Structures are given as C-alpha cells and as structure tokens.
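Undergrad: coords-v8.csv is the file, holding CSV, C-alpha atoms:
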```
chain,number,residue,atom,x,y,z
A,1,MET,CA,72.6,120.1,87.3
A,2,ILE,CA,73.7,120.2,90.9
A,3,ASP,CA,74.5,116.5,91.2
A,4,GLU,CA,76.3,116.1,87.9
A,5,ARG,CA,79.4,113.9,87.9
A,6,ASP,CA,82.1,115.2,85.7
A,7,ALA,CA,85.2,113.3,84.8
A,8,VAL,CA,87.1,114.3,87.9
A,9,ILE,CA,84.3,113.3,90.3
A,10,GLU,CA,83.7,110.1,88.4
A,11,ALA,CA,87.4,109.3,88.6
A,12,VAL,CA,87.6,110.1,92.3
A,13,ARG,CA,84.5,108.0,92.9
A,14,GLY,CA,85.9,105.1,91.0
A,15,ARG,CA,89.1,105.1,92.9
A,16,LEU,CA,87.4,105.4,96.2
A,17,ARG,CA,85.0,102.6,95.4
A,18,ALA,CA,87.8,100.3,94.4
A,19,SER,CA,90.0,101.0,97.4
A,20,VAL,CA,88.7,98.1,99.5
A,21,ALA,CA,88.5,94.4,98.6
A,22,ASP,CA,85.0,93.1,97.8
A,23,GLN,CA,85.4,90.1,100.2
A,24,ALA,CA,85.3,90.5,103.9
A,25,ASP,CA,88.4,89.5,105.7
A,26,PRO,CA,87.4,86.4,107.7
A,27,ARG,CA,89.6,87.3,110.6
A,28,ALA,CA,88.0,90.7,110.9
A,29,VAL,CA,84.6,89.2,110.7
A,30,ALA,CA,85.5,86.7,113.4
A,31,ARG,CA,86.8,89.5,115.7
A,32,ILE,CA,83.5,91.3,115.2
A,33,LEU,CA,81.4,88.3,116.0
A,34,SER,CA,83.5,87.5,119.1
A,35,ALA,CA,83.1,91.1,120.3
A,36,ALA,CA,79.4,91.2,119.6
A,37,PHE,CA,78.6,87.8,121.2
A,38,ALA,CA,80.9,88.4,124.2
A,39,ALA,CA,79.6,91.9,125.0
A,40,PRO,CA,76.9,92.1,127.8
A,41,ALA,CA,73.3,92.4,126.5
A,42,PRO,CA,71.6,95.7,126.9
A,43,SER,CA,69.8,96.4,130.1
A,44,ARG,CA,66.1,95.5,130.5
A,45,TRP,CA,65.3,99.2,130.3
A,46,ARG,CA,67.1,99.5,127.0
A,47,ARG,CA,65.4,96.5,125.6
A,48,TRP,CA,62.0,97.9,126.7
A,49,LEU,CA,62.7,101.2,124.9
A,50,ASP,CA,63.8,99.4,121.7
A,51,ALA,CA,60.6,97.4,121.7
A,52,TRP,CA,58.6,100.6,121.1
A,53,HIS,CA,60.3,101.2,117.8
A,54,LEU,CA,60.4,104.9,118.4
A,55,PRO,CA,63.1,107.2,116.9
A,56,VAL,CA,66.0,107.5,119.3
A,57,MET,CA,65.6,111.1,120.2
A,58,SER,CA,61.9,111.1,120.7
A,59,ARG,CA,62.2,107.9,122.8
A,60,VAL,CA,65.0,109.5,124.8
A,61,GLY,CA,63.1,112.7,125.1
A,62,ALA,CA,60.1,110.9,126.3
A,63,ALA,CA,62.1,108.9,128.9
A,64,VAL,CA,63.8,112.1,130.1
A,65,VAL,CA,60.5,113.9,130.4
A,66,ALA,CA,59.1,110.9,132.3
A,67,VAL,CA,62.0,110.8,134.7
A,68,ILE,CA,61.9,114.6,135.3
A,69,ALA,CA,58.1,114.5,135.8
A,70,LEU,CA,58.4,111.6,138.2
A,71,ALA,CA,61.2,113.2,140.1
A,72,ALA,CA,59.5,116.6,140.1
A,73,GLY,CA,56.4,114.8,141.6
A,74,PHE,CA,58.5,113.2,144.3
A,75,VAL,CA,60.3,116.5,145.0
A,76,ALA,CA,57.0,118.3,145.2
A,77,ARG,CA,55.8,115.7,147.7
A,78,GLY,CA,59.1,116.0,149.7
A,79,VAL,CA,60.3,112.5,148.9
A,80,LEU,CA,63.4,113.4,146.9
A,81,PRO,CA,65.9,116.2,147.3
A,82,ASN,CA,65.9,118.7,144.5
A,83,ARG,CA,68.6,117.4,142.1
A,84,ALA,CA,68.8,116.7,138.4
A,85,PRO,CA,67.6,113.2,137.7
A,86,VAL,CA,68.6,113.1,134.0
A,87,ASP,CA,71.2,110.7,133.1
A,88,PRO,CA,73.6,112.7,130.9
A,89,MET,CA,74.2,109.7,128.7
A,90,ALA,CA,70.5,109.5,128.0
A,91,VAL,CA,70.4,113.2,127.1
A,92,THR,CA,73.2,112.9,124.6
A,93,GLY,CA,71.8,109.8,123.0
A,94,GLU,CA,75.0,107.9,123.6
A,95,PHE,CA,74.6,104.4,125.0
A,96,PRO,CA,78.0,103.0,125.3
A,97,ILE,CA,78.2,99.3,125.0
A,98,PRO,CA,81.0,98.0,127.3
A,99,VAL,CA,82.7,95.4,125.1
A,100,THR,CA,84.1,92.7,127.3
A,101,PRO,CA,87.1,91.3,125.5
A,102,ALA,CA,87.6,87.6,125.5
A,103,SER,CA,91.0,88.2,127.1
A,104,ASP,CA,90.8,88.8,130.8
A,105,PRO,CA,93.9,90.4,132.3
A,106,ARG,CA,92.6,89.7,135.7
A,107,SER,CA,92.6,85.9,135.3
A,108,GLY,CA,95.3,85.7,132.6
A,109,ALA,CA,93.0,84.1,130.0
A,110,VAL,CA,93.9,84.9,126.4
A,111,ALA,CA,91.4,85.2,123.6
A,112,THR,CA,92.1,82.3,121.3
A,113,GLN,CA,90.5,82.0,117.9
A,114,PHE,CA,89.7,78.6,116.4
A,115,VAL,CA,89.1,78.2,112.7
A,116,PHE,CA,87.8,75.1,111.0
A,117,GLU,CA,87.1,74.7,107.3
A,118,ALA,CA,84.0,72.7,106.6
A,119,PRO,CA,81.9,74.1,103.8
A,120,ALA,CA,79.5,71.2,103.7
A,121,ALA,CA,79.0,70.9,107.5
A,122,GLN,CA,75.7,71.9,109.2
A,123,SER,CA,77.2,72.4,112.6
A,124,VAL,CA,80.7,72.6,114.1
A,125,ALA,CA,81.4,72.8,117.8
A,126,LEU,CA,84.6,73.1,119.8
A,127,VAL,CA,85.1,70.7,122.7
A,128,GLY,CA,88.1,70.4,124.9
A,129,ASP,CA,89.5,70.3,128.4
A,130,PHE,CA,88.6,74.0,128.9
A,131,ASN,CA,84.9,73.5,128.5
A,132,GLY,CA,84.4,70.0,129.9
A,133,TRP,CA,84.0,68.5,126.4
A,134,VAL,CA,80.4,69.8,126.4
A,135,PRO,CA,79.2,69.8,122.8
A,136,THR,CA,77.1,72.9,123.3
A,137,ALA,CA,79.6,75.0,125.1
A,138,ALA,CA,81.4,76.6,122.1
A,139,PRO,CA,79.5,76.3,118.8
A,140,LEU,CA,81.4,77.8,115.9
A,141,VAL,CA,79.8,80.3,113.6
A,142,ARG,CA,79.9,79.7,109.8
A,143,LEU,CA,81.2,82.3,107.5
A,144,ARG,CA,80.2,82.6,103.9
A,145,SER,CA,83.5,81.2,102.8
A,146,GLY,CA,82.7,77.9,104.5
A,147,VAL,CA,85.1,78.6,107.3
A,148,TRP,CA,83.8,78.1,110.8
A,149,THR,CA,85.2,80.1,113.7
A,150,VAL,CA,84.9,80.8,117.4
A,151,THR,CA,87.0,82.7,119.9
A,152,VAL,CA,87.3,81.5,123.5
A,153,PRO,CA,89.3,82.6,126.5
A,154,LEU,CA,92.0,80.1,127.3
A,155,MET,CA,94.6,80.1,130.0
A,156,PRO,CA,98.1,80.0,128.6
A,157,GLY,CA,99.5,76.5,128.3
A,158,ARG,CA,98.7,73.3,126.5
A,159,HIS,CA,95.1,72.2,125.8
A,160,VAL,CA,93.5,69.2,124.4
A,161,TYR,CA,90.6,69.8,122.1
A,162,ALA,CA,88.6,68.5,119.2
A,163,PHE,CA,85.9,69.7,116.7
A,164,LEU,CA,82.5,68.1,116.5
A,165,VAL,CA,81.4,68.3,112.9
A,166,ASP,CA,77.7,67.5,112.5
A,167,GLY,CA,78.0,65.7,115.8
A,168,ALA,CA,81.0,63.6,114.8
A,169,ARG,CA,84.4,64.0,116.3
A,170,SER,CA,87.1,65.5,114.1
A,171,MET,CA,90.6,65.6,115.6
A,172,PRO,CA,93.2,68.3,114.9
A,173,THR,CA,96.0,66.6,113.2
A,174,THR,CA,98.7,67.9,115.5
A,175,ALA,CA,96.8,67.6,118.8
A,176,ASP,CA,96.8,64.8,121.3
A,177,ARG,CA,93.8,62.4,121.3
A,178,ALA,CA,90.8,63.5,123.3
A,179,PRO,CA,90.1,61.2,126.3
A,180,TRP,CA,87.0,59.8,124.6
B,181,MET,CA,89.7,95.3,86.0
B,182,SER,CA,88.4,97.0,89.1
B,183,SER,CA,86.0,95.5,91.6
B,184,SER,CA,84.2,97.1,94.5
B,185,PRO,CA,82.0,95.8,97.3
B,186,PRO,CA,78.5,95.0,96.1
B,187,SER,CA,75.9,97.6,96.7
B,188,SER,CA,72.9,95.5,96.0
B,189,PRO,CA,70.2,95.5,98.7
B,190,ILE,CA,70.6,93.1,101.6
B,191,ASP,CA,68.1,90.3,101.8
B,192,PRO,CA,65.4,91.8,104.1
B,193,SER,CA,65.0,88.5,105.9
B,194,LEU,CA,68.6,88.6,107.2
B,195,PRO,CA,68.3,91.5,109.7
B,196,LEU,CA,64.9,90.2,110.8
B,197,ARG,CA,66.3,86.7,111.5
B,198,ALA,CA,69.2,88.3,113.3
B,199,LYS,CA,66.8,90.4,115.3
B,200,GLY,CA,65.1,87.1,116.3
B,201,GLY,CA,68.3,85.8,117.7
B,202,ASP,CA,69.8,84.0,114.7
B,203,ARG,CA,73.5,84.4,115.1
B,204,GLN,CA,74.2,82.8,111.7
B,205,ALA,CA,72.1,85.5,110.1
B,206,PHE,CA,74.0,88.2,111.9
B,207,ALA,CA,77.3,86.7,110.8
B,208,GLN,CA,76.1,86.8,107.2
B,209,LEU,CA,75.1,90.4,107.6
B,210,VAL,CA,78.5,91.2,108.9
B,211,GLU,CA,80.2,89.5,106.0
B,212,LEU,CA,78.0,91.2,103.4
B,213,CYS,CA,78.2,94.7,104.9
B,214,TYR,CA,81.8,94.7,106.2
B,215,PRO,CA,83.6,95.7,103.0
B,216,ARG,CA,81.3,98.8,102.4
B,217,SER,CA,81.4,99.7,106.0
B,218,LEU,CA,85.2,99.5,106.1
B,219,ARG,CA,85.5,101.5,102.9
B,220,PHE,CA,83.3,104.3,104.3
B,221,ALA,CA,85.0,104.4,107.7
B,222,LEU,CA,88.4,104.3,106.0
B,223,HIS,CA,87.7,107.4,103.9
B,224,MET,CA,86.0,109.2,106.8
B,225,VAL,CA,88.6,108.7,109.5
B,226,GLY,CA,91.7,108.3,107.4
B,227,ASN,CA,93.6,105.4,108.9
B,228,ARG,CA,92.9,101.7,108.9
B,229,GLU,CA,93.2,101.1,112.6
B,230,ASP,CA,90.6,103.6,113.6
B,231,ALA,CA,88.4,102.5,110.7
B,232,GLU,CA,88.4,98.9,111.8
B,233,GLU,CA,87.7,99.9,115.4
B,234,ALA,CA,84.8,102.1,114.3
B,235,VAL,CA,83.4,99.3,112.1
B,236,GLN,CA,83.7,96.7,114.9
B,237,ASP,CA,82.1,99.0,117.4
B,238,THR,CA,79.3,99.6,114.9
B,239,PHE,CA,78.5,96.0,114.4
B,240,VAL,CA,78.6,95.3,118.1
B,241,ARG,CA,76.0,98.1,118.6
B,242,VAL,CA,74.0,96.8,115.7
B,243,TYR,CA,73.9,93.4,117.3
B,244,HIS,CA,72.7,94.7,120.6
B,245,HIS,CA,70.3,97.2,119.2
B,246,LEU,CA,68.6,95.0,116.6
B,247,GLY,CA,65.4,95.5,118.6
B,248,ARG,CA,65.4,99.1,117.4
B,249,PHE,CA,65.5,98.1,113.8
B,250,ARG,CA,62.1,98.5,112.1
B,251,ASP,CA,60.8,95.4,110.4
B,252,ASP,CA,59.8,97.4,107.4
B,253,GLY,CA,63.0,99.4,107.1
B,254,ARG,CA,66.1,99.0,105.0
B,255,PHE,CA,69.1,97.7,106.9
B,256,GLU,CA,71.9,99.7,105.1
B,257,PRO,CA,70.8,103.2,106.0
B,258,TRP,CA,70.3,102.1,109.6
B,259,LEU,CA,73.8,100.6,109.6
B,260,PHE,CA,75.4,103.6,108.1
B,261,ARG,CA,73.6,105.9,110.6
B,262,ILE,CA,75.3,104.0,113.4
B,263,LEU,CA,78.6,103.8,111.5
B,264,ALA,CA,78.6,107.5,110.6
B,265,ASN,CA,78.1,108.4,114.3
B,266,ARG,CA,81.0,106.2,115.3
B,267,CYS,CA,83.2,107.9,112.7
B,268,ARG,CA,82.2,111.3,113.9
B,269,THR,CA,83.1,110.3,117.4
B,270,VAL,CA,86.5,109.1,116.2
B,271,LEU,CA,87.1,112.3,114.4
B,272,ALA,CA,85.9,114.5,117.3
B,273,LYS,CA,88.6,112.9,119.5
B,274,ARG,CA,91.4,114.0,117.2
B,275,ARG,CA,93.3,117.2,117.8
B,276,ARG,CA,94.8,117.4,114.4
B,277,HIS,CA,92.7,118.5,111.4
B,278,ALA,CA,95.2,117.7,108.7
B,279,GLU,CA,95.8,114.0,108.3
B,280,VAL,CA,98.6,112.1,106.5
B,281,ILE,CA,96.8,109.3,105.0
B,282,GLN,CA,98.6,105.9,105.2
B,283,TYR,CA,97.1,103.1,103.2
B,284,GLY,CA,99.9,100.6,103.4
B,285,ASP,CA,97.7,97.5,103.1
B,286,VAL,CA,94.6,98.7,101.2
B,287,PRO,CA,94.6,97.0,97.8
B,288,ASP,CA,94.5,99.4,94.9
B,289,HIS,CA,92.5,97.7,92.1
B,290,GLY,CA,93.4,100.4,89.6
B,291,ALA,CA,90.1,101.8,88.7
B,292,PRO,CA,90.1,103.6,85.4
B,293,THR,CA,90.6,107.4,85.8
B,294,MET,CA,90.9,110.3,83.5
B,295,VAL,CA,93.8,111.9,85.3
B,296,GLU,CA,96.2,109.2,86.0
B,297,GLY,CA,99.4,109.6,88.0
B,298,PRO,CA,101.6,107.5,90.3
B,299,ASP,CA,100.3,109.3,93.4
B,300,TRP,CA,96.7,109.9,92.3
B,301,MET,CA,95.2,107.8,95.0
B,302,GLU,CA,97.3,109.5,97.7
B,303,GLU,CA,96.3,112.9,96.3
B,304,ILE,CA,92.6,111.9,96.5
B,305,HIS,CA,92.9,110.8,100.1
B,306,LYS,CA,94.8,113.9,101.1
B,307,VAL,CA,92.3,116.2,99.5
B,308,LEU,CA,89.4,114.2,100.9
B,309,ALA,CA,90.8,114.6,104.4
B,310,THR,CA,90.8,118.3,104.0
B,311,LEU,CA,87.0,118.5,103.3
B,312,PRO,CA,84.8,119.5,106.2
B,313,VAL,CA,83.5,116.4,107.9
B,314,GLU,CA,79.9,116.9,107.0
B,315,GLN,CA,80.8,117.4,103.3
B,316,ARG,CA,83.1,114.4,103.2
B,317,GLU,CA,80.4,112.3,104.8
B,318,ALA,CA,77.7,113.4,102.4
B,319,PHE,CA,80.0,112.9,99.4
B,320,LEU,CA,81.0,109.4,100.5
B,321,LEU,CA,77.5,108.3,101.3
B,322,HIS,CA,76.1,109.6,98.0
B,323,HIS,CA,78.8,109.1,95.4
B,324,VAL,CA,80.8,106.2,96.8
B,325,GLU,CA,78.2,104.2,98.8
B,326,GLU,CA,75.4,105.2,96.4
B,327,LEU,CA,72.8,105.9,99.0
B,328,ALA,CA,69.8,108.0,97.9
B,329,TYR,CA,69.5,111.4,99.3
B,330,GLU,CA,66.4,110.3,101.3
B,331,GLU,CA,68.4,107.5,102.8
B,332,ILE,CA,71.3,109.9,103.6
B,333,ALA,CA,68.8,112.1,105.3
B,334,ALA,CA,67.8,109.2,107.5
B,335,VAL,CA,71.5,108.5,108.2
B,336,THR,CA,72.4,112.1,109.1
B,337,GLY,CA,69.2,113.7,110.2
B,338,VAL,CA,69.9,116.6,107.7
B,339,LYS,CA,67.3,118.0,105.3
B,340,LEU,CA,67.5,117.1,101.6
B,341,SER,CA,68.3,120.5,100.4
B,342,ALA,CA,71.2,120.9,102.9
B,343,LEU,CA,72.5,117.4,101.9
B,344,ARG,CA,72.5,118.3,98.2
B,345,MET,CA,74.4,121.5,99.0
B,346,ARG,CA,77.0,119.6,101.0
B,347,VAL,CA,77.6,117.1,98.2
B,348,LYS,CA,77.9,119.9,95.7
B,349,ARG,CA,80.3,121.8,97.8
B,350,ALA,CA,82.3,118.7,98.4
B,351,CYS,CA,82.6,118.1,94.7
B,352,ASP,CA,83.6,121.7,94.0
B,353,LEU,CA,86.3,121.5,96.7
B,354,LEU,CA,87.6,118.2,95.3
B,355,ARG,CA,87.9,119.6,91.8
B,356,VAL,CA,89.6,122.8,93.0
B,357,ARG,CA,92.0,121.2,95.4
B,358,LEU,CA,92.9,118.3,93.2
B,359,ALA,CA,93.8,120.8,90.5
B,360,GLU,CA,95.9,122.7,93.0
B,361,VAL,CA,97.7,119.6,94.1
B,362,ARG,CA,98.5,118.6,90.5
B,363,ARG,CA,99.6,122.2,89.7
B,364,ASP,CA,102.0,122.1,92.7
B,365,ASP,CA,103.4,118.7,91.7
B,366,ARG,CA,104.6,120.1,88.3
```
Reformat the file's structure so that it appears as structure tokens.
TA:
Amino acid sequence: MIDERDAVIEAVRGRLRASVADQADPRAVARILSAAFAAPAPSRWRRWLDAWHLPVMSRVGAAVVAVIALAAGFVARGVLPNRAPVDPMAVTGEFPIPVTPASDPRSGAVATQFVFEAPAAQSVALVGDFNGWVPTAAPLVRLRSGVWTVTVPLMPGRHVYAFLVDGARSMPTTADRAPW
Amino acid sequence: MSSSPPSSPIDPSLPLRAKGGDRQAFAQLVELCYPRSLRFALHMVGNREDAEEAVQDTFVRVYHHLGRFRDDGRFEPWLFRILANRCRTVLAKRRRHAEVIQYGDVPDHGAPTMVEGPDWMEEIHKVLATLPVEQREAFLLHHVEELAYEEIAAVTGVKLSALRMRVKRACDLLRVRLAEVRRDDR
C-alpha cells in the first residue's frame, strides 16, 4: 500500500509530532495579536475582492484581465499611453501586508507589553498617562490561560498606569497611585 | 509519556466570529492553532527564528484576509495554505540547501520509537532537511499534521496522485537516508 506507515515512518512521525509543546506560548500569542491588530487594514480594493469569495488566482486573473481590458480600451481611444497596467504584485498573487511594529524608531516609542492575570474577569483595560486614562483606549485581549495582554507603544521613561477589571480599578502593586 | 498539539477540528464558529470582527475569537484561534503551525513551520524551515516569523506573518495575513475565508470551509487547510506559502518564501530566500538544524529550546517529549539513539531526533531533522521541499511539505502535512489528501490538495494546489507520490517518495528517502546515517555512525 502506497501510504503504509512502517516502523521507521511511525517512529519519525511520532518524534516530529511530539517536538513542540501542546500549549501555545502566551508571549508568542501576544506578539502575534499585537502585530495583527497593529497592521494596517487591507485596502478597500482588497476587501472588495475578498467579499466575492473567489479563489485567489481566478480573482486575480479576473482583476488583471479587467485592468488590461480597461487600459486597452483607453489606449485604443488615445487616453492612455501604451504601457503595461498590470501590478506585478497582483500577477504573482503576493499581497504583502506591511506590519507596522508597535515600536516606532522615528518617535522613539517602544513596544511595551502589559500582562494581567484575571481568569474570572469579563473585561480588562489598560489606562494610564499615555492614553489619557481613557477606559476604551487599550483593551486587553484574553488568552485561554486566563491571562490578559496588550502591547502599546510607550516613550521611554516612567509612566503611571492602572488596569480596569470589569470596570473597577486595579492598581499594580509597584506603581504610583493614579490621579483618580 | 509523549504529548502533541491537538489535531481535533476547530470549532467552526470561531473563524466566523473572527471574520465578523470578534478579536477574542481570533485570539482563541491563534492559541489553538499556534502549536501545530509552529511545528509545521519548524520542520519546514529548520530553525525556530524563521519558523516563528513565518507563523506570525501567517496569522497577520489570516487576520487581514478573513474576508476571503469561506463560511462553509474548514479553517485548518486554509491556514496551512497560507503558512505553507510563507514557509516556501522563507526557503526560497535561502542560498544554502543543506541546513544544520538547531533545536536548542524545543522540548523533546521522548515519543516512543523503534530505533532509539541519543541523536535520533537530530538525525531525523537533518535527513528531513535534505528532502526536496515539496516532498517534505507533503510528508509533514499528511503524516505529522494529519491532513487528508484532499485537504493537502487544497493547501498546495497539487493533484491527489502527485501528492501521494510525493509522500511515498519522502517516506522512501527518509528510510534510506536514516539507514545511511545510522550506518555511518557505527
């Protein structure tokens, strides 16, 4: 049988399957969520294409054909010069997503991760002098382990902050008191 | 006792809720799928740093392209399609074809094997890295990540017959090369 697993393949398979822990590293998950939520949303054009639920290549192919047809029409009418209208990125099917890191070397802000353990909480928010103490400015995301996390860009230095757990203030034990 | 990331299907409502803007649902998807994704990427690209970057890039793409996910589709094949593409991109950027595998911080849960040895895991990784990329990918998706051939076809865009042949050739090469390695070690 072409797909038969003998002892060697079974042994290899077992080793490879067991080579990674079965629980996700919360720090890695937090980094992913920060990157995903911080990255710019796709363009309106991209969202329109996605809404048609078409396979990538056929959608790209249709878009390329449409662009070429449109440009050819304009060229024929003398509106556009005769040049290739196809976006090479569209032809290859690659749509790079520019990930904007939470750290900004231009301003000096540093991506700073906050982690708060509250398995029973329904909501946790970060408030501080860096976001005007606005409860909705930096909501934390709950991981399956009951840990809540958010990453925000902060300027180097000392900051005053607190956590709002289900709307109630919870002060970090080592931080100064918030002004309210 | 060995343990491995769960391969049970993802709750179908999770990707749909994430698609609707539920960040909590997306966070749960990441938590559930991260171990398997990392495992596949690790064995494809051969080092943890590149694997973690590929996985992170994948989930960012997933988040921003959830509109493309079919409501009646399975999430894992769709995820692995994006992840496999990212891994191929990483590999395509490399100049070297032979990799020295370093797994300094990957826990070895000591899965039972028939041919034990102190460097068995390292031997497996070295031989795995010598497989052609498409065979390695097919082998990992089928035998390690336990995707059905139909799902792998959706991931890779390759016909079923070609996939089966890739898996078979990967297995044949693994047997031969592992035997060679063990012969050389004596």
Undergrad: Within 6 Å of chain B, which residues of chain A are there when counting all atoms listed in the file? Please give them as JSON, numbers by chain.
TA: {"A": [11, 13, 14, 15, 17, 18, 19, 20, 22, 24, 32, 36, 50, 53]}
Undergrad: One number please: atom CA of Trp148 of chain A to atom CA of Gly167 of chain A, in Å, one decimal.
TA: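 Those two atoms sit 14.6 Å apart.
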Undergrad: If you measure from atom CA of Gly157 of chain A to atom CA of Thr112 of chain A, what distance in Å do you get, rounded to one decimal?
TA: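 Result for atom CA of Gly157 of chain A versus atom CA of Thr112 of chain A: 11.7 Å, one decimal.
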Undergrad: Could you state the separation of atom CA of Glu360 of chain B and atom CA of Ala309 of chain B in Å, given to one decimal place?
TA: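 Value for the atom CA of Glu360 of chain B-atom CA of Ala309 of chain B distance: 14.9 Å.
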Undergrad: Do you know which residues are at most 10 Å from Gly253 of chain B counting all atoms listed in the file, after dropping those on the same chain fewer than 4 positions away, and could you put them as a ChimeraX atom specification?
TA: /B:192,195,249,257-258
Undergrad: Might you pull out every residue within 9 Å of Ser145 of chain A, with only C-alpha atoms counted and same-chain residues fewer than 5 positions away left off, and present them as number ranges by chain?
TA: A: 26, 117, 119
